[in-house]
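Engineer: The following block contains the structure, expressed as structure tokens.
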Amino acid sequence: MRIVFMGTPDFAVRSLQALLQAGHRVTLAVTQPDKPKGRGNKVQFPPVKQAALAAGVPVMQPLTLKDPAVQDAIRAEQPDAIVVAAYGRILPQAVLDIPPLGCINVHGSLLPRYRGAAPVQRAVLNGETQSGITTMLMDKGMDTGAILLTAACPIPPDMTAGELFDKLADIGAQLLLRTLDERQAGRLPGTPQDDALATYAPMLTKQEAELNWALPAQQLHNQVRGLNPAPVARTVMAGLPVKIYRTAAGGPVKGRPGTVASTSPLTVVCGDGTGLELLEVQPDGGKRMPAAAFLCGHPLKAGQILAEKEF
RNA sequence: CGCGGGGUAGAGCAGUCUGGUAGCUCGUCGGGCUCAUAACCCGGAGGUCAUGUGGUUCAAAUCCCAUCCCCGCAA
């Protein structure tokens, strides 16, 4: 099948590679423009661009898909289908109309739940025990198109958003191949979504990264998981801003929320009277390390207030 | 030229401003205590102080210069 691929981050790379391995002819990869990123503002290629270049697939990085010249370029590829995975831009109707088999999106949730930019992180953040992948026929709305196929995936209690991302990327790639096969065979007309059941998963913001010890331990644990690997939960320990990468919900503890209940393992009192064990942390300017290592150089005692804030 | 923190024992840190004996917590090894222990006590080993036949100095982890590497913020 002739395919134009649109995607940007790592999540999309698996799907691109799966298409190539399955023998589909990906004649063009459309991805976001290179941007100065990271320390020093160096220009970095989006992961999909790197993967496409490595595979010898031509890359296009338009500023907007509304540009008729861009649309013409895509049309000129005469794709049977356009595959979209976390591209990050709205597709105008003129583009949606190009491929005869439609624009097929690989979305990281079981639609109509978690429409939007951050379905994977939001699912973990909300403590969902199940997520999945939906392939759908794109329309003008935000993740509102007809459902083609779905595949569910359990979320274990300690799984991070990053781990779920990896898993879903694999599942999504496989589901995509099946979707294309069946769609090509004419067996997948698509099922409309029930808008009444729709929920939304907006992008994560920095403000959501701060841990509020007045909240229940389980909720904070979910927050830590959902924000890993980015932007990562934050708090203040021993006067230093630190990121919290991994935690474990512990048992009942005594003390005011935000105080240290124990130092081995490092446990903080939460709002519901249970403890949250901090397992892996990273101080500003330092590397990720086990909490025990942090304690070697930054002594904390039981009963001490962890954050300077009062809750 | 976006802003900033850092590289000292296996790990995490102090010491750098005000140059002069290599320090702390943990780990590790040995011994002791104990019914026993991840607990406690005593003792030991372990460091080219990122790199540089660099500069200054009587003397550099410390001041100056250059290079490499790690990380936080912002975008």
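Residue numbers start at 1 in each chain; chains themselves are named A, B, ... in the order of the structure tokens; ligands are numbered from 1 in the order shown.
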How would you write, as JSON, numbers by chain, the set of residues in segment 150-291 of chain A that DSSP gives as strand (DSSP E)?
Structural biologist: {"A": [150, 151, 152, 153, 154, 233, 234, 235, 236, 237, 240, 241, 242, 243, 244, 245, 246, 247, 248, 249, 250, 251, 252, 260, 261, 262, 263, 266, 267, 268, 269, 274, 275, 276, 277, 278, 279, 280, 281, 282, 283, 289, 290]}
Engineer: Please list as an mmCIF file with N, CA and C atoms (P, O5', C5', C4', C3', O3' and C1' of nucleotides), in the first residue's frame every residue within 9 Å of G54 of chain B, counting only C-alpha atoms (C1' of nucleotides) and excluding residues in the same chain fewer than 2 positions away.
Structural biologist:
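That gives us selection15.cif:
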```
data_model
loop_
_atom_site.group_PDB
_atom_site.id
_atom_site.type_symbol
_atom_site.label_atom_id
_atom_site.label_comp_id
_atom_site.auth_asym_id
_atom_site.auth_seq_id
_atom_site.Cartn_x
_atom_site.Cartn_y
_atom_site.Cartn_z
ATOM 1 P P G B 52 45.894 14.875 33.092
ATOM 2 O "O5'" G B 52 46.285 16.227 32.368
ATOM 3 C "C5'" G B 52 46.565 16.219 30.969
ATOM 4 C "C4'" G B 52 46.768 17.636 30.503
ATOM 5 C "C3'" G B 52 47.847 18.380 31.276
ATOM 6 O "O3'" G B 52 49.130 18.076 30.750
ATOM 7 C "C1'" G B 52 45.950 19.742 30.930
ATOM 8 P P C B 65 39.689 32.858 34.272
ATOM 9 O "O5'" C B 65 40.602 32.126 33.200
ATOM 10 C "C5'" C B 65 41.439 32.875 32.321
ATOM 11 C "C4'" C B 65 42.218 31.947 31.424
ATOM 12 C "C3'" C B 65 41.402 30.866 30.727
ATOM 13 O "O3'" C B 65 40.731 31.363 29.581
ATOM 14 C "C1'" C B 65 43.367 29.911 31.616
ATOM 15 P P A B 66 39.334 30.669 29.122
ATOM 16 O "O5'" A B 66 39.834 29.297 28.475
ATOM 17 C "C5'" A B 66 40.608 29.327 27.278
ATOM 18 C "C4'" A B 66 41.123 27.942 26.965
ATOM 19 C "C3'" A B 66 40.054 26.859 26.863
ATOM 20 O "O3'" A B 66 39.412 26.848 25.604
ATOM 21 C "C1'" A B 66 41.842 26.090 28.195
#
```
Engineer: Could you make a table, as a tab-separated table, of the residues of chain A that have an atom within 7 Å of an atom of chain B, each with its nearest atom pair and distance in Å to one decimal, counting only C-alpha atoms (C1' of nucleotides), in chain and number order?
Structural biologist:
```
residue	atom	partner	partner_atom	distance
A:Lys37	CA	B:A75	C1'	6.8
A:Gly40	CA	B:G2	C1'	6.9
A:Asp284	CA	B:G72	C1'	4.8
A:Gly285	CA	B:C71	C1'	4.4
A:Gly286	CA	B:C71	C1'	5.2
A:Lys287	CA	B:C71	C1'	6.2
A:Ala293	CA	B:G12	C1'	4.9
A:Phe294	CA	B:G12	C1'	5.6
A:Cys296	CA	B:G12	C1'	4.9
A:Gly297	CA	B:C13	C1'	4.1
```
Engineer: Atom CA of Asp158 of chain A and atom CA of Gly271 of chain A, how far apart in Å?
Structural biologist: 20.2 Å
Engineer: For A22 of chain B, work out the shell of residues within 12 Å, counting only C-alpha atoms (C1' of nucleotides) and skipping chain neighbours fewer than 6 positions away, then give it as a list in words.
Structural biologist: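 Residues meeting the cut-off are U8, A9, A14, G15, G47, C49 and A61 of chain B.
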Engineer: Fewer than 5 positions away in the same chain doesn't count, so skip those; otherwise give me all residues within 10 Å of G30 of chain B, counting only C-alpha atoms (C1' of nucleotides), as a PDB file with C-alpha atoms (C1' of nucleotides), in the first residue's frame.
Structural biologist:
```
ATOM      1  C1'   G B  43      39.056  -0.512  64.237  1.00  0.00           C
ATOM      2  C1'   G B  44      40.836  -0.805  58.954  1.00  0.00           C
ATOM      3  C1'   A B  45      41.107  -0.418  53.693  1.00  0.00           C
TER       4        A B  45
END
```
Engineer: Using only C-alpha atoms (C1' of nucleotides), determine which residues lie at most 12 Å from C68 of chain B, disregarding the query and same-chain residues fewer than 3 positions distant; provide the list as a list in words.
Structural biologist: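 Residues near the query, excluding close chain neighbours: G7, A50, U51 and G52 of chain B.
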Engineer: Write a file of the selected residues as a short mmCIF file (atom, residue, chain, number, x, y, z; two decimals), in the first residue's frame, keeping N, CA and C atoms (P, O5', C5', C4', C3', O3' and C1' of nucleotides).
Structural biologist:
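Output file again.cif follows:
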```cif
data_model
loop_
_atom_site.label_atom_id
_atom_site.label_comp_id
_atom_site.auth_asym_id
_atom_site.auth_seq_id
_atom_site.Cartn_x
_atom_site.Cartn_y
_atom_site.Cartn_z
P G B 7 31.53 19.66 42.18
"O5'" G B 7 31.67 18.46 41.14
"C5'" G B 7 31.34 17.11 41.54
"C4'" G B 7 31.83 16.18 40.43
"C3'" G B 7 33.32 15.91 40.49
"O3'" G B 7 33.57 14.49 40.45
"C1'" G B 7 32.67 16.73 38.34
P A B 50 38.63 17.39 40.25
"O5'" A B 50 38.36 16.47 38.97
"C5'" A B 50 38.26 15.06 39.07
"C4'" A B 50 38.13 14.55 37.66
"C3'" A B 50 39.31 14.91 36.77
"O3'" A B 50 40.33 13.94 36.86
"C1'" A B 50 37.27 15.51 35.69
P U B 51 41.88 14.41 36.89
"O5'" U B 51 42.16 14.79 35.37
"C5'" U B 51 41.97 13.84 34.34
"C4'" U B 51 42.11 14.49 32.98
"C3'" U B 51 43.36 15.35 32.82
"O3'" U B 51 44.48 14.56 32.47
"C1'" U B 51 41.48 16.54 32.04
P G B 52 45.89 14.87 33.09
"O5'" G B 52 46.28 16.23 32.37
"C5'" G B 52 46.57 16.22 30.97
"C4'" G B 52 46.77 17.64 30.50
"C3'" G B 52 47.85 18.38 31.28
"O3'" G B 52 49.13 18.08 30.75
"C1'" G B 52 45.95 19.74 30.93
#
```
Engineer: Quick one: everything within 12 Å of U56 of chain B, counting only C-alpha atoms (C1' of nucleotides), minus sequence neighbours fewer than 5 positions away in the same chain. Send it as a PyMOL selection string.
Structural biologist: chain B and resi 19+63-65
Engineer: Just to be explicit: take each residue in the selection above, keep C-alpha atoms (C1' of nucleotides), and write the result as an mmCIF file, in the first residue's frame.
Structural biologist:
```cif
data_model
loop_
_atom_site.group_PDB
_atom_site.id
_atom_site.type_symbol
_atom_site.label_atom_id
_atom_site.label_comp_id
_atom_site.auth_asym_id
_atom_site.auth_seq_id
_atom_site.Cartn_x
_atom_site.Cartn_y
_atom_site.Cartn_z
ATOM 1 C "C1'" G B 19 45.704 28.773 49.219
ATOM 2 C "C1'" C B 63 43.200 31.490 42.542
ATOM 3 C "C1'" C B 64 43.744 32.138 36.741
ATOM 4 C "C1'" C B 65 43.367 29.911 31.616
#
```
Engineer: Could you list, as number ranges by chain, every residue within 10 Å of Val26 of chain A, counting only C-alpha atoms (C1' of nucleotides) and ignoring same-chain residues fewer than 3 positions away?
Structural biologist: A: 1-5, 16-17, 19-20, 23, 29, 52, 55-58, 77, 79, 81-83
Engineer: Among segment 151-293 of chain A, which residues carry a DSSP assignment of helix (DSSP H, G or I), reported as a ChimeraX atom specification?
Structural biologist: /A:161-184,195-197,206-209,217-226,291-293
Engineer: Quick check, in Å to one decimal: how far apart do atom CA of Asp181 of chain A and atom CA of Leu111 of chain A lie?
Structural biologist: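 Distance between the two atoms: 20.9 Å.
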Engineer: Nearest residue to G20 of chain B out of B:C42, B:U62, B:A36, B:U53, using only C-alpha atoms (C1' of nucleotides)?
Structural biologist: B:U62
Engineer: Distance atom CA of Pro112 of chain A-atom CA of Asp143 of chain A, one decimal place?
Structural biologist: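 Computed distance, atom CA of Pro112 of chain A to atom CA of Asp143 of chain A, equals 8.0 Å.
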